[in-house]
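Asks: Handing over work25.pdb, PDB, C-alpha atoms and all ligand atoms.
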```pdb
MODEL        1
ATOM      1  CA  MET A   1     -23.321  41.999  28.243  1.00  0.00           C
ATOM      2  CA  LYS A   2     -19.570  42.606  27.890  1.00  0.00           C
ATOM      3  CA  ARG A   3     -18.934  39.518  30.027  1.00  0.00           C
ATOM      4  CA  PHE A   4     -21.223  37.466  27.819  1.00  0.00           C
ATOM      5  CA  PHE A   5     -19.274  38.426  24.657  1.00  0.00           C
ATOM      6  CA  LEU A   6     -15.997  37.755  26.454  1.00  0.00           C
ATOM      7  CA  PHE A   7     -17.309  34.302  27.390  1.00  0.00           C
ATOM      8  CA  ILE A   8     -18.351  33.593  23.756  1.00  0.00           C
ATOM      9  CA  ALA A   9     -14.944  34.754  22.497  1.00  0.00           C
ATOM     10  CA  LEU A  10     -13.136  32.468  24.949  1.00  0.00           C
ATOM     11  CA  VAL A  11     -15.300  29.505  23.942  1.00  0.00           C
ATOM     12  CA  ALA A  12     -14.563  30.196  20.269  1.00  0.00           C
ATOM     13  CA  LEU A  13     -10.830  30.498  20.961  1.00  0.00           C
ATOM     14  CA  PHE A  14     -10.274  27.426  23.140  1.00  0.00           C
ATOM     15  CA  VAL A  15     -13.128  24.985  22.642  1.00  0.00           C
ATOM     16  CA  LEU A  16     -14.132  25.125  18.987  1.00  0.00           C
ATOM     17  CA  PRO A  17     -10.690  24.485  17.438  1.00  0.00           C
ATOM     18  CA  GLY A  18     -10.578  21.174  19.297  1.00  0.00           C
ATOM     19  CA  CYS A  19     -13.864  20.058  17.799  1.00  0.00           C
ATOM     20  CA  SER A  20     -13.554  18.261  14.562  1.00  0.00           C
ATOM     21  CA  THR A  21     -16.279  17.428  12.115  1.00  0.00           C
ATOM     22  CA  SER A  22     -16.683  13.791  11.181  1.00  0.00           C
ATOM     23  CA  GLU A  23     -15.111  14.729   7.812  1.00  0.00           C
ATOM     24  CA  ASN A  24     -11.826  15.670   9.491  1.00  0.00           C
ATOM     25  CA  GLU A  25     -11.691  12.791  11.910  1.00  0.00           C
ATOM     26  CA  ALA A  26      -9.221  10.020  11.208  1.00  0.00           C
ATOM     27  CA  PRO A  27     -11.093   6.913  10.051  1.00  0.00           C
ATOM     28  CA  SER A  28     -11.291   4.034  12.501  1.00  0.00           C
ATOM     29  CA  PHE A  29      -9.246   0.901  11.781  1.00  0.00           C
ATOM     30  CA  ASP A  30     -12.459  -0.945  10.876  1.00  0.00           C
ATOM     31  CA  GLU A  31     -13.394   1.805   8.403  1.00  0.00           C
ATOM     32  CA  VAL A  32      -9.928   1.559   6.858  1.00  0.00           C
ATOM     33  CA  TYR A  33      -9.770  -2.173   6.283  1.00  0.00           C
ATOM     34  CA  LEU A  34     -13.445  -2.563   5.372  1.00  0.00           C
ATOM     35  CA  SER A  35     -13.289   0.150   2.719  1.00  0.00           C
ATOM     36  CA  ARG A  36     -10.013  -1.068   1.222  1.00  0.00           C
ATOM     37  CA  ARG A  37     -10.601  -2.955  -1.988  1.00  0.00           C
ATOM     38  CA  SER A  38      -8.533  -3.718  -5.044  1.00  0.00           C
ATOM     39  CA  ILE A  39      -9.299  -0.857  -7.416  1.00  0.00           C
ATOM     40  CA  ARG A  40      -9.026  -1.391 -11.156  1.00  0.00           C
ATOM     41  CA  THR A  41     -10.244   2.013 -12.432  1.00  0.00           C
ATOM     42  CA  TYR A  42      -8.569   5.227 -11.246  1.00  0.00           C
ATOM     43  CA  ASP A  43      -9.490   8.909 -11.417  1.00  0.00           C
ATOM     44  CA  PRO A  44      -7.131  10.495 -13.983  1.00  0.00           C
ATOM     45  CA  ALA A  45      -7.657  14.007 -12.565  1.00  0.00           C
ATOM     46  CA  LYS A  46      -6.087  13.369  -9.151  1.00  0.00           C
ATOM     47  CA  THR A  47      -2.423  13.267  -8.213  1.00  0.00           C
ATOM     48  CA  ILE A  48      -0.395  12.288  -5.153  1.00  0.00           C
ATOM     49  CA  SER A  49       2.492  14.395  -3.840  1.00  0.00           C
ATOM     50  CA  LYS A  50       5.959  13.275  -2.802  1.00  0.00           C
ATOM     51  CA  ALA A  51       5.207  14.450   0.762  1.00  0.00           C
ATOM     52  CA  GLU A  52       2.135  12.205   0.864  1.00  0.00           C
ATOM     53  CA  LEU A  53       4.230   9.299  -0.405  1.00  0.00           C
ATOM     54  CA  GLN A  54       6.797   9.934   2.311  1.00  0.00           C
ATOM     55  CA  GLU A  55       4.049   9.817   4.954  1.00  0.00           C
ATOM     56  CA  LEU A  56       2.788   6.575   3.422  1.00  0.00           C
ATOM     57  CA  PHE A  57       6.173   4.878   3.425  1.00  0.00           C
ATOM     58  CA  LYS A  58       6.946   5.990   6.984  1.00  0.00           C
ATOM     59  CA  ALA A  59       3.929   3.877   7.967  1.00  0.00           C
ATOM     60  CA  ALA A  60       4.981   0.920   5.827  1.00  0.00           C
ATOM     61  CA  GLN A  61       8.403   0.985   7.522  1.00  0.00           C
ATOM     62  CA  ASN A  62       6.689   0.052  10.782  1.00  0.00           C
ATOM     63  CA  ALA A  63       5.864  -3.422   9.487  1.00  0.00           C
ATOM     64  CA  PRO A  64       7.590  -6.209  11.418  1.00  0.00           C
ATOM     65  CA  SER A  65      10.324  -8.208   9.689  1.00  0.00           C
ATOM     66  CA  TRP A  66      12.601 -11.152  10.457  1.00  0.00           C
ATOM     67  CA  ALA A  67      15.235  -9.920  12.974  1.00  0.00           C
ATOM     68  CA  ASN A  68      14.272  -6.402  11.888  1.00  0.00           C
ATOM     69  CA  PHE A  69      16.213  -6.960   8.652  1.00  0.00           C
ATOM     70  CA  GLN A  70      13.685  -4.810   6.754  1.00  0.00           C
ATOM     71  CA  PRO A  71      14.418  -6.527   3.437  1.00  0.00           C
ATOM     72  CA  SER A  72      11.684  -4.713   1.463  1.00  0.00           C
ATOM     73  CA  LYS A  73      12.377  -1.979  -1.055  1.00  0.00           C
ATOM     74  CA  TYR A  74      10.047   0.070  -3.224  1.00  0.00           C
ATOM     75  CA  TYR A  75      10.804   1.593  -6.594  1.00  0.00           C
ATOM     76  CA  ILE A  76       8.347   4.421  -7.182  1.00  0.00           C
ATOM     77  CA  ALA A  77       7.480   5.575 -10.698  1.00  0.00           C
ATOM     78  CA  LEU A  78       6.225   9.143 -10.471  1.00  0.00           C
ATOM     79  CA  SER A  79       7.231  10.865 -13.711  1.00  0.00           C
ATOM     80  CA  LYS A  80       5.102  10.188 -16.787  1.00  0.00           C
ATOM     81  CA  GLU A  81       8.128   8.693 -18.499  1.00  0.00           C
ATOM     82  CA  MET A  82       8.796   6.152 -15.731  1.00  0.00           C
ATOM     83  CA  HIS A  83       5.109   5.478 -15.189  1.00  0.00           C
ATOM     84  CA  ASP A  84       4.751   4.579 -18.884  1.00  0.00           C
ATOM     85  CA  ALA A  85       7.914   2.460 -18.785  1.00  0.00           C
ATOM     86  CA  VAL A  86       6.670   0.437 -15.793  1.00  0.00           C
ATOM     87  CA  ALA A  87       3.147   0.125 -17.258  1.00  0.00           C
ATOM     88  CA  GLU A  88       4.709  -1.483 -20.353  1.00  0.00           C
ATOM     89  CA  HIS A  89       5.502  -4.502 -18.167  1.00  0.00           C
ATOM     90  CA  LEU A  90       2.083  -5.018 -16.626  1.00  0.00           C
ATOM     91  CA  GLY A  91       0.512  -7.133 -19.362  1.00  0.00           C
ATOM     92  CA  ALA A  92      -3.228  -7.512 -18.766  1.00  0.00           C
ATOM     93  CA  ASN A  93      -2.990  -5.190 -15.743  1.00  0.00           C
ATOM     94  CA  ARG A  94      -1.865  -2.243 -17.835  1.00  0.00           C
ATOM     95  CA  ASP A  95      -5.333  -0.846 -18.473  1.00  0.00           C
ATOM     96  CA  ARG A  96      -6.356  -1.305 -14.843  1.00  0.00           C
ATOM     97  CA  ALA A  97      -3.438   0.776 -13.586  1.00  0.00           C
ATOM     98  CA  LYS A  98      -3.193   3.327 -16.378  1.00  0.00           C
ATOM     99  CA  ASN A  99      -4.837   6.245 -14.529  1.00  0.00           C
ATOM    100  CA  ALA A 100      -3.259   5.556 -11.160  1.00  0.00           C
ATOM    101  CA  PRO A 101      -0.797   8.444 -10.684  1.00  0.00           C
ATOM    102  CA  VAL A 102       1.787   6.252  -8.929  1.00  0.00           C
ATOM    103  CA  LEU A 103       3.145   2.795  -9.708  1.00  0.00           C
ATOM    104  CA  MET A 104       5.389   1.133  -7.129  1.00  0.00           C
ATOM    105  CA  VAL A 105       7.484  -1.979  -7.583  1.00  0.00           C
ATOM    106  CA  SER A 106       8.130  -3.924  -4.393  1.00  0.00           C
ATOM    107  CA  THR A 107      11.211  -6.091  -3.932  1.00  0.00           C
ATOM    108  CA  PHE A 108      13.065  -7.787  -1.119  1.00  0.00           C
ATOM    109  CA  GLU A 109      16.754  -8.314  -0.580  1.00  0.00           C
ATOM    110  CA  LYS A 110      17.610 -12.037  -0.801  1.00  0.00           C
ATOM    111  CA  GLY A 111      19.473 -13.842   1.969  1.00  0.00           C
ATOM    112  CA  LYS A 112      18.200 -11.608   4.799  1.00  0.00           C
ATOM    113  CA  SER A 113      14.862 -12.688   6.309  1.00  0.00           C
ATOM    114  CA  GLY A 114      15.038 -16.390   7.168  1.00  0.00           C
ATOM    115  CA  PHE A 115      18.851 -16.382   7.445  1.00  0.00           C
ATOM    116  CA  PHE A 116      21.349 -16.261  10.310  1.00  0.00           C
ATOM    117  CA  GLN A 117      25.003 -15.566   9.586  1.00  0.00           C
ATOM    118  CA  GLY A 118      24.423 -16.385   5.929  1.00  0.00           C
ATOM    119  CA  GLN A 119      22.810 -19.785   6.614  1.00  0.00           C
ATOM    120  CA  GLN A 120      19.129 -20.428   6.037  1.00  0.00           C
ATOM    121  CA  THR A 121      17.364 -20.917   9.349  1.00  0.00           C
ATOM    122  CA  ASN A 122      14.659 -23.332   8.224  1.00  0.00           C
ATOM    123  CA  GLU A 123      13.029 -24.872   5.155  1.00  0.00           C
ATOM    124  CA  LEU A 124      11.407 -21.612   4.016  1.00  0.00           C
ATOM    125  CA  ALA A 125      14.694 -19.756   3.411  1.00  0.00           C
ATOM    126  CA  ASP A 126      14.013 -16.704   1.185  1.00  0.00           C
ATOM    127  CA  GLU A 127      10.268 -17.290   1.335  1.00  0.00           C
ATOM    128  CA  TRP A 128      10.514 -15.330   4.582  1.00  0.00           C
ATOM    129  CA  GLY A 129      11.636 -12.332   2.520  1.00  0.00           C
ATOM    130  CA  ALA A 130       8.464 -12.679   0.451  1.00  0.00           C
ATOM    131  CA  HIS A 131       6.522 -12.954   3.705  1.00  0.00           C
ATOM    132  CA  ASP A 132       8.062  -9.724   5.046  1.00  0.00           C
ATOM    133  CA  ASN A 133       7.460  -7.953   1.751  1.00  0.00           C
ATOM    134  CA  GLY A 134       3.788  -8.928   1.957  1.00  0.00           C
ATOM    135  CA  LEU A 135       3.653  -7.528   5.475  1.00  0.00           C
ATOM    136  CA  SER A 136       5.051  -4.157   4.413  1.00  0.00           C
ATOM    137  CA  ASP A 137       2.656  -4.152   1.436  1.00  0.00           C
ATOM    138  CA  ALA A 138      -0.192  -4.742   3.899  1.00  0.00           C
ATOM    139  CA  TYR A 139       0.878  -1.773   6.024  1.00  0.00           C
ATOM    140  CA  LEU A 140       1.242   0.266   2.854  1.00  0.00           C
ATOM    141  CA  ILE A 141      -2.201  -0.460   1.398  1.00  0.00           C
ATOM    142  CA  LEU A 142      -3.956   0.090   4.725  1.00  0.00           C
ATOM    143  CA  LYS A 143      -2.176   3.372   5.424  1.00  0.00           C
ATOM    144  CA  ALA A 144      -2.956   4.380   1.821  1.00  0.00           C
ATOM    145  CA  ARG A 145      -6.637   3.755   2.478  1.00  0.00           C
ATOM    146  CA  ALA A 146      -6.456   5.708   5.748  1.00  0.00           C
ATOM    147  CA  MET A 147      -5.084   8.634   3.722  1.00  0.00           C
ATOM    148  CA  GLY A 148      -7.990   8.358   1.275  1.00  0.00           C
ATOM    149  CA  PHE A 149      -6.047   6.582  -1.492  1.00  0.00           C
ATOM    150  CA  ASP A 150      -6.730   3.316  -3.251  1.00  0.00           C
ATOM    151  CA  THR A 151      -4.452   0.531  -4.394  1.00  0.00           C
ATOM    152  CA  LEU A 152      -4.116  -2.533  -6.579  1.00  0.00           C
ATOM    153  CA  ILE A 153      -1.472  -5.154  -5.868  1.00  0.00           C
ATOM    154  CA  MET A 154      -0.453  -6.787  -9.157  1.00  0.00           C
ATOM    155  CA  GLY A 155       1.312 -10.116  -9.227  1.00  0.00           C
ATOM    156  CA  MET A 156       0.943 -10.421 -12.990  1.00  0.00           C
ATOM    157  CA  ARG A 157       3.928  -8.452 -14.284  1.00  0.00           C
ATOM    158  CA  ASP A 158       7.116  -9.028 -16.236  1.00  0.00           C
ATOM    159  CA  SER A 159       9.900  -8.982 -13.634  1.00  0.00           C
ATOM    160  CA  ASP A 160      12.767  -9.069 -16.176  1.00  0.00           C
ATOM    161  CA  GLY A 161      11.415  -5.989 -17.933  1.00  0.00           C
ATOM    162  CA  LEU A 162      10.925  -4.155 -14.630  1.00  0.00           C
ATOM    163  CA  ARG A 163      14.430  -5.065 -13.467  1.00  0.00           C
ATOM    164  CA  GLN A 164      15.881  -3.516 -16.598  1.00  0.00           C
ATOM    165  CA  VAL A 165      13.746  -0.367 -16.607  1.00  0.00           C
ATOM    166  CA  LEU A 166      14.344   0.422 -12.913  1.00  0.00           C
ATOM    167  CA  GLY A 167      17.890  -0.926 -12.605  1.00  0.00           C
ATOM    168  CA  ILE A 168      16.905  -3.358  -9.844  1.00  0.00           C
ATOM    169  CA  PRO A 169      19.977  -5.348  -8.713  1.00  0.00           C
ATOM    170  CA  GLU A 170      20.050  -9.144  -9.053  1.00  0.00           C
ATOM    171  CA  ASN A 171      20.226  -9.654  -5.276  1.00  0.00           C
ATOM    172  CA  GLU A 172      16.647  -8.407  -4.985  1.00  0.00           C
ATOM    173  CA  THR A 173      13.586 -10.526  -5.776  1.00  0.00           C
ATOM    174  CA  ILE A 174      10.903  -8.567  -7.573  1.00  0.00           C
ATOM    175  CA  MET A 175       7.461  -9.073  -6.066  1.00  0.00           C
ATOM    176  CA  ALA A 176       4.337  -7.051  -6.874  1.00  0.00           C
ATOM    177  CA  VAL A 177       3.677  -3.810  -8.684  1.00  0.00           C
ATOM    178  CA  ILE A 178       1.264  -1.673  -6.675  1.00  0.00           C
ATOM    179  CA  ALA A 179      -0.932   0.959  -8.299  1.00  0.00           C
ATOM    180  CA  LEU A 180      -1.753   3.929  -6.054  1.00  0.00           C
ATOM    181  CA  GLY A 181      -4.400   6.549  -6.768  1.00  0.00           C
ATOM    182  CA  TYR A 182      -8.025   7.451  -6.252  1.00  0.00           C
ATOM    183  CA  ARG A 183     -10.909   5.129  -7.098  1.00  0.00           C
ATOM    184  CA  ALA A 184     -13.032   6.136 -10.097  1.00  0.00           C
ATOM    185  CA  GLU A 185     -15.701   3.536  -9.385  1.00  0.00           C
ATOM    186  CA  GLU A 186     -17.003   1.645  -6.415  1.00  0.00           C
ATOM    187  CA  PRO A 187     -15.557  -1.870  -6.281  1.00  0.00           C
ATOM    188  CA  ARG A 188     -17.477  -5.084  -5.815  1.00  0.00           C
ATOM    189  CA  GLU A 189     -17.381  -6.735  -2.434  1.00  0.00           C
ATOM    190  CA  PRO A 190     -15.427 -10.004  -2.743  1.00  0.00           C
ATOM    191  CA  VAL A 191     -16.870 -13.159  -1.255  1.00  0.00           C
ATOM    192  CA  HIS A 192     -14.922 -14.428   1.718  1.00  0.00           C
ATOM    193  CA  LYS A 193     -14.801 -18.051   2.814  1.00  0.00           C
ATOM    194  CA  PRO A 194     -16.797 -19.070   5.871  1.00  0.00           C
ATOM    195  CA  LEU A 195     -14.740 -18.369   8.990  1.00  0.00           C
ATOM    196  CA  ASP A 196     -14.491 -22.062   9.891  1.00  0.00           C
ATOM    197  CA  GLU A 197     -12.625 -22.716   6.634  1.00  0.00           C
ATOM    198  CA  PHE A 198     -10.147 -19.978   7.547  1.00  0.00           C
ATOM    199  CA  ILE A 199      -9.488 -20.816  11.180  1.00  0.00           C
ATOM    200  CA  LYS A 200      -9.397 -23.968  13.233  1.00  0.00           C
ATOM    201  CA  PHE A 201      -9.631 -23.940  17.011  1.00  0.00           C
ATOM    202  CA  PHE A 202      -7.963 -26.604  19.133  1.00  0.00           C
TER
HETATM  203  C1  LIG B 301      -0.223 -11.109  -4.264  1.00  0.00           C
HETATM  204  C2  LIG B 301      -1.415 -10.539  -5.002  1.00  0.00           C
HETATM  205  C3  LIG B 301      -1.396 -10.502  -6.380  1.00  0.00           C
HETATM  206  C4  LIG B 301      -2.479  -9.950  -7.072  1.00  0.00           C
HETATM  207  N1  LIG B 301      -2.405  -9.799  -8.431  1.00  0.00           N
HETATM  208  C5  LIG B 301      -3.398  -9.165  -9.089  1.00  0.00           C
HETATM  209  C6  LIG B 301      -3.259  -8.902 -10.473  1.00  0.00           C
HETATM  210  O1  LIG B 301      -2.251  -9.200 -11.106  1.00  0.00           O
HETATM  211  N2  LIG B 301      -4.297  -8.273 -11.090  1.00  0.00           N
HETATM  212  C7  LIG B 301      -5.429  -7.881 -10.417  1.00  0.00           C
HETATM  213  O2  LIG B 301      -6.325  -7.304 -11.041  1.00  0.00           O
HETATM  214  N3  LIG B 301      -5.572  -8.132  -9.079  1.00  0.00           N
HETATM  215  C8  LIG B 301      -4.577  -8.740  -8.409  1.00  0.00           C
HETATM  216  N4  LIG B 301      -4.681  -8.949  -7.053  1.00  0.00           N
HETATM  217  C9  LIG B 301      -5.898  -8.511  -6.343  1.00  0.00           C
HETATM  218  C10 LIG B 301      -6.776  -9.690  -5.885  1.00  0.00           C
HETATM  219  O3  LIG B 301      -7.461 -10.199  -7.001  1.00  0.00           O
HETATM  220  C11 LIG B 301      -7.724  -9.180  -4.796  1.00  0.00           C
HETATM  221  O4  LIG B 301      -6.973  -8.813  -3.660  1.00  0.00           O
HETATM  222  C12 LIG B 301      -8.768 -10.212  -4.387  1.00  0.00           C
HETATM  223  O5  LIG B 301      -9.621 -10.506  -5.456  1.00  0.00           O
HETATM  224  C13 LIG B 301      -9.612  -9.741  -3.195  1.00  0.00           C
HETATM  225  O6  LIG B 301     -10.242  -8.505  -3.480  1.00  0.00           O
HETATM  226  P1  LIG B 301      -9.990  -7.204  -2.578  1.00  0.00           P
HETATM  227  O7  LIG B 301      -8.527  -6.867  -2.663  1.00  0.00           O
HETATM  228  O8  LIG B 301     -10.858  -6.131  -3.199  1.00  0.00           O
HETATM  229  O9  LIG B 301     -10.392  -7.518  -1.187  1.00  0.00           O
HETATM  230  C14 LIG B 301      -3.620  -9.484  -6.364  1.00  0.00           C
HETATM  231  C15 LIG B 301      -3.614  -9.545  -4.965  1.00  0.00           C
HETATM  232  C16 LIG B 301      -2.526 -10.044  -4.293  1.00  0.00           C
HETATM  233  C17 LIG B 301      -2.537 -10.013  -2.772  1.00  0.00           C
ENDMDL
END
```
What does this structure look like when you write it as C-alpha cells?
Ligand SMILES: Cc1cc2nc3c(=O)[nH]c(=O)nc-3n(C[C@H](O)[C@H](O)[C@H](O)COP(=O)(O)O)c2cc1C
Replies:
Amino acid sequence: MKRFFLFIALVALFVLPGCSTSENEAPSFDEVYLSRRSIRTYDPAKTISKAELQELFKAAQNAPSWANFQPSKYYIALSKEMHDAVAEHLGANRDRAKNAPVLMVSTFEKGKSGFFQGQQTNELADEWGAHDNGLSDAYLILKARAMGFDTLIMGMRDSDGLRQVLGIPENETIMAVIALGYRAEEPREPVHKPLDEFIKFF
C-alpha cells in the first residue's frame, strides 16, 4: 500500500505539472491568424500591462527589414491623458478605439530601408520603409492575438496632430495608429477574394 501511495505521489510530482489543459496551451499559428480580426468595439474593463507590451514588442522586433535597418518606431499612449490626446486625432475612428486601453502610433525613419549609403536603391525609395513598417505591424497584431489581445490598424488619422502631441521628429513618416485591447463583440468575417485573383502561377 505504501508503495502505491509513493507511486501516486511521484506521478503527481513529475508527470502532472507537464500536462497542460487546452486552456493553457499556446494557440496554433492557424488559430492565431484565423481569429485575428479588426476589432472596433473594446471591453472598457480590461487593461494591458507594460510587461505585456514589452513581450509584444519583443516579438514585433523580429520582423525582417531592409538590411536589418529596423526603421519602425512605436509611440505608445498608455496614460489617460495621452490616450485622450491621441484619440483626438483619429477622426471617425475615435469611437471605435475609445475603449481600447492602448493606442500606438507607428512610424518609420526616412532614408533607411530602400537606401544604400544615402542613395535610393530603386524606384520605391522610402516606400520600402512603409513596407517594413507594415511587416512589423503584422508581427505585432499576430503576437497580440496570440496573447489574447485584439487590434485595429487605423490609416484614417491626422498625422500633423499626432506629430505635435507625441513630439515625433520630422525625419519619421507617420503611418498607422493601432488600437490594442480586448474585443467586446465578435467581429464579422470579411470576404476574401478567390485565390486565383490573389495568386498567379507560372
Ligand atoms: C493600412 C490599414 C489601414 C486601415 N485603416 C482602417 C481605419 O482607418 N479604420 C478602420 O475601421 N479599419 C481600418 N483598417 C482595417 C481594415 O478595414 C480591415 O483590415 C479589413 O476590412 C479586413 O478585415 P480584418 O482585419 O478583420 O481581416 C485598416 C487596415 C489596414 C491594413
Asks: Do you have the CA of Leu195 (chain A)-CA of Ala26 (chain A) distance handy?
Replies: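 We find that CA of Leu195 (chain A) and CA of Ala26 (chain A) lie 29.0 Å from each other.
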Asks: With all atoms of ligand LIG 301 (chain B) from the file as input, state the centre and edge lengths in Å to one decimal of the axis-aligned box that has 6 Å extra on each side, as lines of an AutoDock Vina configuration file.
Replies:
```
center_x = -5.5
center_y = -8.6
center_z = -6.1
size_x = 22.6
size_y = 17.0
size_z = 21.9
```
Asks: Using only C-alpha atoms, can you tell me which of A:Ala67, A:Ala176, A:Ala77, A:Leu140 comes closest to Thr121 (chain A)?
Replies: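 Looking only at the distances to Thr121 (chain A), the closest residue turns out to be A:Ala67.
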Asks: Counting only C-alpha atoms and all ligand atoms, which protein, DNA or RNA residues come within 12 Å of ligand LIG 301 (chain B), given as a PyMOL selection string?
Replies: chain A and resi 33-41+89-97+106+130-131+133-138+141-142+145+150-158+174-179+183+186-193
Asks: For Met82 (chain A), which residue among A:Val165, A:Ile199, A:Ala100, A:Ala144 is the nearest when counting only C-alpha atoms?
Replies: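 Ranked by minimum distance to Met82 (chain A), first place goes to A:Val165.
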Asks: Can you measure CA of Glu81 (chain A) to CA of Tyr139 (chain A) for me? One decimal in Å is fine.
Replies: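 Calculated distance between CA of Glu81 (chain A) and CA of Tyr139 (chain A) is 27.6 Å.
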Asks: How would you write, as JSON, numbers by chain, the residues chosen by the PyMOL selection byres (((chain A and resi 65) around 10) and not hetatm) on this structure?
Replies: {"A": [61, 62, 63, 64, 66, 67, 68, 69, 70, 71, 72, 112, 113, 114, 128, 129, 131, 132, 133, 135, 136]}
Asks: Evaluate the PyMOL selection byres (((chain A and resi 44) around 10) and not hetatm) against this structure - the residues, as a PyMOL selection string, please.
Replies: chain A and resi 41-43+45-47+98-101+181-184
